[in-house]
$ cat my_file_27.txt   # compact mmCIF, C-alpha atoms and all ligand atoms
# COMPACT_ATOMS: atom_id res chain seq x y z
CA MET A 195 6.62 58.11 15.43
CA ASP A 196 3.77 57.11 13.14
CA LEU A 197 0.14 58.16 13.42
CA ALA A 198 -1.02 54.95 15.16
CA GLU A 199 1.74 55.13 17.77
CA LEU A 200 1.01 58.78 18.43
CA MET A 201 -2.70 58.11 18.84
CA ARG A 202 -2.10 55.15 21.11
CA SER A 203 0.21 57.12 23.40
CA ARG A 204 -1.62 60.47 23.37
CA ARG A 205 -5.28 59.46 23.49
CA PRO A 206 -7.94 60.77 23.91
CA CYS A 207 -7.73 62.46 20.56
CA VAL A 208 -9.99 65.16 19.19
CA VAL A 209 -10.34 65.21 15.41
CA LEU A 210 -10.85 68.38 13.38
CA THR A 211 -12.13 67.74 9.86
CA GLY A 212 -12.60 69.89 6.79
CA ALA A 213 -13.90 69.49 3.27
CA GLY A 214 -11.01 67.15 2.33
CA ILE A 215 -12.51 64.26 4.30
CA SER A 216 -15.62 64.35 2.10
CA THR A 217 -14.04 64.67 -1.37
CA GLU A 218 -13.88 60.86 -1.57
CA SER A 219 -17.67 60.91 -1.11
CA GLY A 220 -17.91 63.04 -4.26
CA ILE A 221 -18.27 66.44 -2.58
CA PRO A 222 -15.75 68.99 -3.89
CA ASP A 223 -13.65 70.92 -1.37
CA PHE A 224 -13.19 74.70 -1.49
CA ARG A 225 -9.55 75.62 -2.06
CA SER A 226 -8.13 72.83 -4.25
CA PRO A 227 -7.64 73.67 -7.95
CA SER A 228 -10.90 71.77 -8.59
CA GLY A 229 -12.57 73.24 -5.50
CA ILE A 230 -15.76 75.28 -5.27
CA TRP A 231 -13.99 78.65 -4.91
CA ALA A 232 -12.19 78.07 -8.23
CA GLN A 233 -15.62 78.21 -9.89
CA TYR A 234 -17.61 80.51 -7.64
CA ASP A 235 -16.47 83.76 -6.04
CA PRO A 236 -17.08 83.33 -2.29
CA MET A 237 -17.73 87.07 -1.98
CA GLU A 238 -20.75 86.65 -4.25
CA TYR A 239 -22.11 83.39 -2.86
CA ALA A 240 -20.86 82.75 0.64
CA THR A 241 -21.00 85.97 2.62
CA ILE A 242 -23.90 87.13 4.76
CA SER A 243 -23.91 90.48 2.92
CA ALA A 244 -24.22 88.67 -0.44
CA PHE A 245 -27.16 86.73 1.01
CA ARG A 246 -28.86 89.94 2.20
CA ARG A 247 -28.22 91.61 -1.17
CA ASP A 248 -29.48 88.78 -3.36
CA PRO A 249 -30.86 85.81 -1.40
CA ALA A 250 -32.24 84.11 -4.53
CA LYS A 251 -28.75 83.96 -6.08
CA VAL A 252 -27.26 82.48 -2.91
CA TRP A 253 -30.17 80.00 -2.57
CA GLU A 254 -29.57 78.88 -6.17
CA PHE A 255 -25.92 78.18 -5.36
CA TYR A 256 -26.88 76.22 -2.23
CA ALA A 257 -29.65 74.34 -4.03
CA LEU A 258 -27.06 72.95 -6.47
CA ARG A 259 -24.78 71.97 -3.59
CA PHE A 260 -27.56 70.49 -1.42
CA GLU A 261 -28.41 68.06 -4.15
CA ALA A 262 -24.86 66.66 -4.28
CA LEU A 263 -24.53 66.85 -0.49
CA SER A 264 -27.71 64.93 0.21
CA ARG A 265 -26.83 62.18 -2.30
CA ALA A 266 -23.35 61.59 -0.82
CA GLU A 267 -22.55 58.58 1.35
CA PRO A 268 -19.94 58.39 4.14
CA ASN A 269 -16.57 57.07 2.93
CA ALA A 270 -13.79 54.99 4.52
CA GLY A 271 -12.45 58.05 6.35
CA HIS A 272 -15.74 58.88 8.08
CA LEU A 273 -16.27 55.21 8.95
CA ALA A 274 -12.76 54.85 10.39
CA LEU A 275 -13.26 57.87 12.69
CA ALA A 276 -16.51 56.37 13.99
CA GLU A 277 -14.68 53.09 14.67
CA LEU A 278 -11.86 54.93 16.46
CA GLU A 279 -14.45 56.66 18.66
CA ARG A 280 -16.03 53.30 19.56
CA GLY A 281 -12.54 51.96 20.33
CA GLY A 282 -11.90 54.80 22.81
CA PHE A 283 -9.21 56.53 20.75
CA VAL A 284 -11.29 59.49 19.55
CA ARG A 285 -13.27 61.58 22.02
CA ALA A 286 -15.12 63.78 19.50
CA VAL A 287 -15.08 65.09 15.95
CA VAL A 288 -15.16 68.84 15.37
CA THR A 289 -16.15 69.41 11.76
CA GLN A 290 -16.32 72.42 9.46
CA ASN A 291 -18.43 70.34 7.09
CA ILE A 292 -22.16 70.83 6.72
CA ASP A 293 -22.79 67.46 5.05
CA GLY A 294 -23.75 65.41 8.12
CA LEU A 295 -21.58 62.49 6.95
CA HIS A 296 -19.78 61.94 10.28
CA THR A 297 -23.09 61.36 12.06
CA ARG A 298 -24.32 59.14 9.26
CA ALA A 299 -21.09 57.12 9.52
CA GLY A 300 -21.79 56.46 13.21
CA SER A 301 -19.74 59.08 15.05
CA ALA A 302 -21.70 59.86 18.22
CA ASP A 303 -20.07 63.12 19.32
CA VAL A 304 -19.89 65.51 16.36
CA ILE A 305 -19.59 69.28 16.78
CA GLU A 306 -20.69 71.09 13.61
CA VAL A 307 -19.00 74.46 13.94
CA HIS A 308 -20.17 75.73 10.52
CA GLY A 309 -23.76 74.50 10.83
CA SER A 310 -25.41 71.87 8.66
CA ILE A 311 -27.68 71.36 5.69
CA ARG A 312 -30.38 69.78 7.83
CA THR A 313 -32.34 72.97 8.46
CA ALA A 314 -33.00 76.56 7.42
CA SER A 315 -34.19 79.28 9.80
CA CYS A 316 -36.15 82.49 9.57
CA PRO A 317 -33.96 85.51 10.42
CA ALA A 318 -37.07 87.42 11.55
CA CYS A 319 -39.09 85.04 13.75
CA GLY A 320 -36.70 82.11 14.31
CA GLU A 321 -38.97 79.47 12.74
CA ARG A 322 -36.88 76.46 11.68
CA MET A 323 -37.65 74.14 8.77
CA ALA A 324 -36.12 70.94 7.38
CA LEU A 325 -34.05 71.92 4.36
CA ALA A 326 -34.93 68.77 2.42
CA ASP A 327 -38.57 69.92 2.24
CA LEU A 328 -37.54 73.35 0.97
CA VAL A 329 -35.12 72.07 -1.67
CA GLU A 330 -37.92 70.15 -3.38
CA ALA A 331 -39.88 73.38 -3.85
CA LEU A 332 -36.86 75.44 -4.93
CA GLY A 333 -37.51 75.10 -8.66
CA ASP A 334 -40.67 77.20 -8.35
CA ASP A 335 -39.49 79.43 -5.56
CA PRO A 336 -35.84 80.51 -5.83
CA ALA A 337 -35.80 82.01 -2.30
CA PRO A 338 -38.15 80.16 0.07
CA GLY A 339 -40.14 82.17 2.57
CA CYS A 340 -40.96 81.44 6.19
CA ALA A 341 -44.24 79.55 6.62
CA ARG A 342 -45.05 81.67 9.67
CA CYS A 343 -44.07 85.25 8.72
CA GLY A 344 -43.04 85.19 5.04
CA GLU A 345 -39.46 86.47 5.53
CA ILE A 346 -36.86 84.78 3.29
CA LEU A 347 -35.32 81.81 5.12
CA LYS A 348 -31.58 81.32 5.51
CA PRO A 349 -29.87 77.92 5.41
CA ASP A 350 -28.41 77.09 8.85
CA VAL A 351 -24.84 77.15 7.54
CA VAL A 352 -22.31 79.71 8.69
CA MET A 353 -21.54 82.28 5.99
CA PHE A 354 -18.46 84.52 5.92
CA GLY A 355 -19.15 87.54 8.09
CA GLU A 356 -21.35 85.58 10.52
CA LEU A 357 -20.48 84.43 14.00
CA LEU A 358 -20.12 80.70 14.59
CA PRO A 359 -22.77 79.04 16.79
CA VAL A 360 -21.44 80.06 20.23
CA GLY A 361 -22.10 76.77 22.00
CA ALA A 362 -20.41 74.73 19.25
CA LEU A 363 -17.29 76.89 19.15
CA GLU A 364 -16.96 76.92 22.94
CA ARG A 365 -17.32 73.14 23.09
CA ALA A 366 -14.70 72.73 20.35
CA GLN A 367 -12.28 74.99 22.22
CA GLN A 368 -12.86 73.18 25.49
CA LEU A 369 -12.33 69.80 23.77
CA VAL A 370 -9.03 70.74 22.12
CA ARG A 371 -7.70 72.29 25.34
CA THR A 372 -8.22 69.01 27.20
CA ALA A 373 -7.17 66.58 24.46
CA GLY A 374 -3.89 64.68 24.41
CA MET A 375 -3.79 65.04 20.66
CA LEU A 376 -5.50 66.99 17.90
CA LEU A 377 -5.74 65.22 14.55
CA VAL A 378 -6.58 67.51 11.62
CA VAL A 379 -7.98 65.78 8.52
CA GLY A 380 -8.66 67.41 5.15
CA SER A 381 -8.54 71.09 6.00
CA SER A 382 -6.39 73.88 4.59
CA LEU A 383 -6.60 75.50 8.08
CA GLU A 384 -7.06 78.89 6.50
CA VAL A 385 -10.45 79.91 7.87
CA TYR A 386 -10.71 81.44 11.34
CA PRO A 387 -11.76 81.01 14.10
CA VAL A 388 -11.52 77.25 13.47
CA ALA A 389 -7.95 77.62 12.19
CA ALA A 390 -6.96 78.81 15.69
CA LEU A 391 -7.91 75.46 17.26
CA PRO A 392 -4.52 73.80 16.54
CA ASP A 393 -2.80 76.73 18.29
CA GLU A 394 -5.10 76.31 21.29
CA ALA A 395 -4.38 72.59 21.40
CA LEU A 396 -0.61 73.11 21.18
CA ALA A 397 -0.68 75.84 23.83
CA ALA A 398 -2.45 73.42 26.18
CA GLY A 399 0.23 70.76 25.59
CA ALA A 400 -1.49 68.51 23.06
CA SER A 401 0.29 66.83 20.16
CA LEU A 402 -0.73 67.83 16.64
CA ALA A 403 -1.05 65.47 13.67
CA ILE A 404 -2.20 66.47 10.18
CA VAL A 405 -3.55 64.32 7.33
CA ASN A 406 -3.96 66.58 4.32
CA GLN A 407 -3.08 66.39 0.66
CA ALA A 408 -1.72 69.93 0.48
CA PRO A 409 0.44 72.08 2.74
CA THR A 410 -1.11 73.84 5.75
CA PRO A 411 0.28 76.71 7.84
CA TYR A 412 0.68 74.28 10.78
CA ASP A 413 2.82 71.64 9.06
CA GLY A 414 6.00 72.68 10.89
CA LEU A 415 4.28 72.23 14.27
CA ALA A 416 2.85 68.77 13.60
CA GLU A 417 4.48 65.73 15.22
CA VAL A 418 3.12 63.55 12.42
CA ARG A 419 2.29 64.87 8.96
CA VAL A 420 0.69 62.59 6.35
CA ASP A 421 0.32 63.89 2.80
CA GLY A 422 -2.09 61.20 1.64
CA PRO A 423 -5.75 60.49 1.01
CA ALA A 424 -7.93 60.71 4.11
CA GLY A 425 -9.90 57.51 3.41
CA ALA A 426 -6.98 55.08 3.07
CA THR A 427 -4.93 56.82 5.77
CA LEU A 428 -7.69 56.69 8.40
CA ALA A 429 -8.74 53.16 7.46
CA ALA A 430 -5.12 52.00 7.95
CA LEU A 431 -5.01 53.88 11.26
CA ALA A 432 -8.20 52.22 12.55
CA GLU A 433 -6.90 48.82 11.46
CA ALA A 434 -3.54 49.34 13.18
CA LEU A 435 -5.28 50.36 16.41
CA ALA A 436 -7.81 47.52 16.30
CA SER A 437 -5.08 45.05 17.25
CA PRO A 438 -3.56 45.40 20.73
N1 LIG B 1 -7.50 63.45 1.53
C1 LIG B 1 -6.73 64.36 2.20
N2 LIG B 1 -6.79 65.68 1.95
C2 LIG B 1 -7.64 66.10 0.98
C3 LIG B 1 -8.45 65.21 0.25
C4 LIG B 1 -8.35 63.82 0.54
N3 LIG B 1 -9.08 62.89 -0.09
N4 LIG B 1 -9.19 65.92 -0.65
C5 LIG B 1 -8.85 67.22 -0.46
N5 LIG B 1 -7.92 67.33 0.52
C6 LIG B 1 -7.34 68.57 1.08
C7 LIG B 1 -7.10 69.67 0.07
O1 LIG B 1 -5.84 69.53 -0.54
C8 LIG B 1 -7.22 70.92 0.93
O2 LIG B 1 -5.95 71.32 1.44
O3 LIG B 1 -8.29 69.10 1.97
C9 LIG B 1 -8.10 70.50 2.10
C10 LIG B 1 -9.46 71.17 2.08
O4 LIG B 1 -9.30 72.54 2.34
P1 LIG B 1 -10.45 73.60 2.01
O5 LIG B 1 -10.96 73.37 0.65
O6 LIG B 1 -9.91 74.95 2.32
O7 LIG B 1 -11.63 73.18 3.03
P2 LIG B 1 -11.80 73.57 4.56
O8 LIG B 1 -10.49 73.71 5.25
O9 LIG B 1 -12.80 72.66 5.12
O10 LIG B 1 -12.43 75.03 4.43
C11 LIG B 1 -12.84 75.71 5.59
O11 LIG B 1 -13.91 77.36 4.23
O12 LIG B 1 -15.25 78.31 2.61
C12 LIG B 1 -15.18 77.72 3.79
O13 LIG B 1 -17.04 77.34 5.07
C13 LIG B 1 -16.18 76.68 4.19
O14 LIG B 1 -15.99 75.13 6.04
C14 LIG B 1 -15.31 75.66 4.93
C15 LIG B 1 -14.09 76.48 5.33
$ encode --input "my_file_27.txt" --output "structure tokens" --more "lines below"
Ligand code: APR
Amino acid sequence: MDLAELMRSRRPCVVLTGAGISTESGIPDFRSPSGIWAQYDPMEYATISAFRRDPAKVWEFYALRFEALSRAEPNAGHLALAELERGGFVRAVVTQNIDGLHTRAGSADVIEVHGSIRTASCPACGERMALADLVEALGDDPAPGCARCGEILKPDVVMFGELLPVGALERAQQLVRTAGMLLVVGSSLEVYPVAALPDEALAAGASLAIVNQAPTPYDGLAEVRVDGPAGATLAALAEALASP
């Protein structure tokens, strides 16, 4: 069975995306040879304890990334998923990405389980600020403080060692348990708890399909496995499903 046939017969589908869907928008992923973790040690830049130890260093790392992230445009893969949602094939997109590109591409139901680059919050008083405003000032102030209480703000992205936003994770779990099919796009499926979602989908009787340019631990359990670029693969899928 090919991907289009599977999606036609098993809809509604829930899609789980990772960094690999945004590489064609110019945003590097994490675990490819050219990925972010090949250059930066995640223990130094992406854990909550690293942030508490040296917030300015972690803010510097994010400031570099925010610039690339905010310049990026949705690609054919994001656009195809939005079209598949409008066509009734996709119920929702669960994403590990913080780039906001699914929403910008027109997907209406997007669950951001690792947060987003839209805002930063104060760990002390809860004040929330738009990140774009902070990034502009970052040159002068390497670790921006809360306008209300002065505490150093934290970007609203989930760092290693932090819990995922409870509501988002619960919604993602509920969605995959009631889906006919889970389609994973551009994720190594190595980071938990998100990497448990395919297991939850399979346990509830859903079909699993994976579009990823490198092996994943779930490949043997997938009914359809495409080792190709997300953009062209999803565009072809949306085109195949556009005709009755
Ligand atoms: N098409 C298909 N697959 C691609 C493409 C592409 N154009 N580009 C990259 N890939 C694949 C890579 O081969 C890789 O297997 O996407 C996968 C991305 O995996 P990761 O880099 O591990 O990204 P992700 O799974 O999203 O990481 C999960 O780890 O560090 C954290 O918080 C970060 O949310 C992230 C989490």
$ residues_near_ligand --input "my_file_27.txt" --ligand "ligand LIG 1 (chain B)" --cutoff "8 Å" --atoms "all atoms listed in the file" --output "ChimeraX atom specification"
/A:211-218,222-226,229-231,236,240,290-292,308,352-354,379-385,405-410,421-425
$ closest_residue --input "my_file_27.txt" --among "A:Pro349, A:Pro392, A:Gly282, A:Gly399" --to "Met201 (chain A)" --atoms "only C-alpha atoms"
A:Gly282
$ closest_residue --input "my_file_27.txt" --among "A:Ala270, A:Val418, A:Met237, A:Ala250" --to "Ala337 (chain A)" --atoms "only C-alpha atoms"
A:Ala250
$ closest_residue --input "my_file_27.txt" --among "A:Val388, A:Ser310, A:Glu279, A:Leu396" --to "Cys207 (chain A)" --atoms "only C-alpha atoms"
A:Glu279
$ atom_distance --input "my_file_27.txt" --atom1 "CA of Gly281 (chain A)" --atom2 "CA of Met375 (chain A)"
15.7 Å
$ atom_distance --input "my_file_27.txt" --atom1 "CA of Gly361 (chain A)" --atom2 "CA of Glu254 (chain A)"
29.2 Å
$ closest_residue --input "my_file_27.txt" --among "A:Ala400, A:Ala266, A:Ala429, A:Leu357" --to "Arg205 (chain A)" --atoms "all atoms listed in the file"
A:Ala400
$ atom_distance --input "my_file_27.txt" --atom1 "CA of Leu402 (chain A)" --atom2 "CA of Ala436 (chain A)"
21.5 Å
$ closest_residue --input "my_file_27.txt" --among "A:Asp327, A:Glu306, A:Glu345, A:Asp393" --to "Asp413 (chain A)" --atoms "all atoms listed in the file"
A:Asp393
$ residues_around --input "my_file_27.txt" --residues "Leu275 (chain A)" --least-positions-apart "2" --cutoff "9 Å" --atoms "all atoms listed in the file" --output "ChimeraX atom specification"
/A:209,270-273,277-280,284,287,296,299-301,428-429,432
$ write_last_selection --input "my_file_27.txt" --atoms "C-alpha atoms" --output "PDB file, keeping the file's coordinate frame"
ATOM      1  CA  VAL A 209     -10.340  65.210  15.410  1.00  0.00           C
ATOM      2  CA  ALA A 270     -13.790  54.990   4.520  1.00  0.00           C
ATOM      3  CA  GLY A 271     -12.450  58.050   6.350  1.00  0.00           C
ATOM      4  CA  HIS A 272     -15.740  58.880   8.080  1.00  0.00           C
ATOM      5  CA  LEU A 273     -16.270  55.210   8.950  1.00  0.00           C
ATOM      6  CA  GLU A 277     -14.680  53.090  14.670  1.00  0.00           C
ATOM      7  CA  LEU A 278     -11.860  54.930  16.460  1.00  0.00           C
ATOM      8  CA  GLU A 279     -14.450  56.660  18.660  1.00  0.00           C
ATOM      9  CA  ARG A 280     -16.030  53.300  19.560  1.00  0.00           C
ATOM     10  CA  VAL A 284     -11.290  59.490  19.550  1.00  0.00           C
ATOM     11  CA  VAL A 287     -15.080  65.090  15.950  1.00  0.00           C
ATOM     12  CA  HIS A 296     -19.780  61.940  10.280  1.00  0.00           C
ATOM     13  CA  ALA A 299     -21.090  57.120   9.520  1.00  0.00           C
ATOM     14  CA  GLY A 300     -21.790  56.460  13.210  1.00  0.00           C
ATOM     15  CA  SER A 301     -19.740  59.080  15.050  1.00  0.00           C
ATOM     16  CA  LEU A 428      -7.690  56.690   8.400  1.00  0.00           C
ATOM     17  CA  ALA A 429      -8.740  53.160   7.460  1.00  0.00           C
ATOM     18  CA  ALA A 432      -8.200  52.220  12.550  1.00  0.00           C
TER      19      ALA A 432
END
$ build_atoms --input "my_file_27.txt" --residues "region 386-405 of chain A" --atoms "N, CA, C and O atoms" --output "mmCIF file, keeping the file's coordinate frame"
data_model
loop_
_atom_site.group_PDB
_atom_site.id
_atom_site.type_symbol
_atom_site.label_atom_id
_atom_site.label_comp_id
_atom_site.auth_asym_id
_atom_site.auth_seq_id
_atom_site.Cartn_x
_atom_site.Cartn_y
_atom_site.Cartn_z
ATOM 1 N N TYR A 386 -10.568 81.206 9.904
ATOM 2 C CA TYR A 386 -10.710 81.440 11.340
ATOM 3 C C TYR A 386 -12.165 81.629 11.710
ATOM 4 O O TYR A 386 -12.951 81.996 10.849
ATOM 5 N N PRO A 387 -12.581 81.349 12.936
ATOM 6 C CA PRO A 387 -11.760 81.010 14.100
ATOM 7 C C PRO A 387 -11.338 79.543 14.201
ATOM 8 O O PRO A 387 -10.509 79.215 15.034
ATOM 9 N N VAL A 388 -11.859 78.672 13.348
ATOM 10 C CA VAL A 388 -11.520 77.250 13.470
ATOM 11 C C VAL A 388 -10.007 77.023 13.316
ATOM 12 O O VAL A 388 -9.418 76.189 14.010
ATOM 13 N N ALA A 389 -9.377 77.809 12.431
ATOM 14 C CA ALA A 389 -7.950 77.620 12.190
ATOM 15 C C ALA A 389 -7.095 77.961 13.422
ATOM 16 O O ALA A 389 -5.897 77.686 13.432
ATOM 17 N N ALA A 390 -7.716 78.546 14.453
ATOM 18 C CA ALA A 390 -6.960 78.810 15.690
ATOM 19 C C ALA A 390 -6.961 77.600 16.621
ATOM 20 O O ALA A 390 -6.198 77.563 17.590
ATOM 21 N N LEU A 391 -7.802 76.598 16.335
ATOM 22 C CA LEU A 391 -7.910 75.460 17.260
ATOM 23 C C LEU A 391 -6.576 74.703 17.419
ATOM 24 O O LEU A 391 -6.228 74.309 18.539
ATOM 25 N N PRO A 392 -5.810 74.471 16.325
ATOM 26 C CA PRO A 392 -4.520 73.800 16.540
ATOM 27 C C PRO A 392 -3.599 74.586 17.478
ATOM 28 O O PRO A 392 -2.916 73.981 18.319
ATOM 29 N N ASP A 393 -3.605 75.916 17.375
ATOM 30 C CA ASP A 393 -2.800 76.730 18.290
ATOM 31 C C ASP A 393 -3.239 76.523 19.730
ATOM 32 O O ASP A 393 -2.417 76.412 20.632
ATOM 33 N N GLU A 394 -4.581 76.489 19.923
ATOM 34 C CA GLU A 394 -5.100 76.310 21.290
ATOM 35 C C GLU A 394 -4.717 74.945 21.837
ATOM 36 O O GLU A 394 -4.370 74.807 23.002
ATOM 37 N N ALA A 395 -4.759 73.934 20.964
ATOM 38 C CA ALA A 395 -4.380 72.590 21.400
ATOM 39 C C ALA A 395 -2.899 72.554 21.779
ATOM 40 O O ALA A 395 -2.527 72.044 22.851
ATOM 41 N N LEU A 396 -2.060 73.125 20.918
ATOM 42 C CA LEU A 396 -0.610 73.110 21.180
ATOM 43 C C LEU A 396 -0.286 73.881 22.453
ATOM 44 O O LEU A 396 0.515 73.420 23.273
ATOM 45 N N ALA A 397 -0.948 75.033 22.634
ATOM 46 C CA ALA A 397 -0.680 75.840 23.830
ATOM 47 C C ALA A 397 -1.040 75.084 25.103
ATOM 48 O O ALA A 397 -0.431 75.286 26.150
ATOM 49 N N ALA A 398 -2.037 74.184 24.997
ATOM 50 C CA ALA A 398 -2.450 73.420 26.180
ATOM 51 C C ALA A 398 -1.638 72.131 26.330
ATOM 52 O O ALA A 398 -1.909 71.311 27.193
ATOM 53 N N GLY A 399 -0.662 71.921 25.444
ATOM 54 C CA GLY A 399 0.230 70.760 25.590
ATOM 55 C C GLY A 399 -0.126 69.551 24.764
ATOM 56 O O GLY A 399 0.477 68.487 24.921
ATOM 57 N N ALA A 400 -1.110 69.670 23.882
ATOM 58 C CA ALA A 400 -1.490 68.510 23.060
ATOM 59 C C ALA A 400 -0.504 68.317 21.904
ATOM 60 O O ALA A 400 0.186 69.256 21.495
ATOM 61 N N SER A 401 -0.459 67.095 21.393
ATOM 62 C CA SER A 401 0.290 66.830 20.160
ATOM 63 C C SER A 401 -0.606 67.147 18.980
ATOM 64 O O SER A 401 -1.828 67.008 19.054
ATOM 65 N N LEU A 402 0.032 67.520 17.857
ATOM 66 C CA LEU A 402 -0.730 67.830 16.640
ATOM 67 C C LEU A 402 -0.315 66.868 15.537
ATOM 68 O O LEU A 402 0.879 66.624 15.324
ATOM 69 N N ALA A 403 -1.312 66.293 14.855
ATOM 70 C CA ALA A 403 -1.050 65.470 13.670
ATOM 71 C C ALA A 403 -1.941 65.986 12.548
ATOM 72 O O ALA A 403 -3.064 66.434 12.795
ATOM 73 N N ILE A 404 -1.434 65.934 11.320
ATOM 74 C CA ILE A 404 -2.200 66.470 10.180
ATOM 75 C C ILE A 404 -2.194 65.469 9.035
ATOM 76 O O ILE A 404 -1.138 64.992 8.612
ATOM 77 N N VAL A 405 -3.399 65.130 8.547
ATOM 78 C CA VAL A 405 -3.550 64.320 7.330
ATOM 79 C C VAL A 405 -4.192 65.226 6.302
ATOM 80 O O VAL A 405 -5.374 65.558 6.396
#
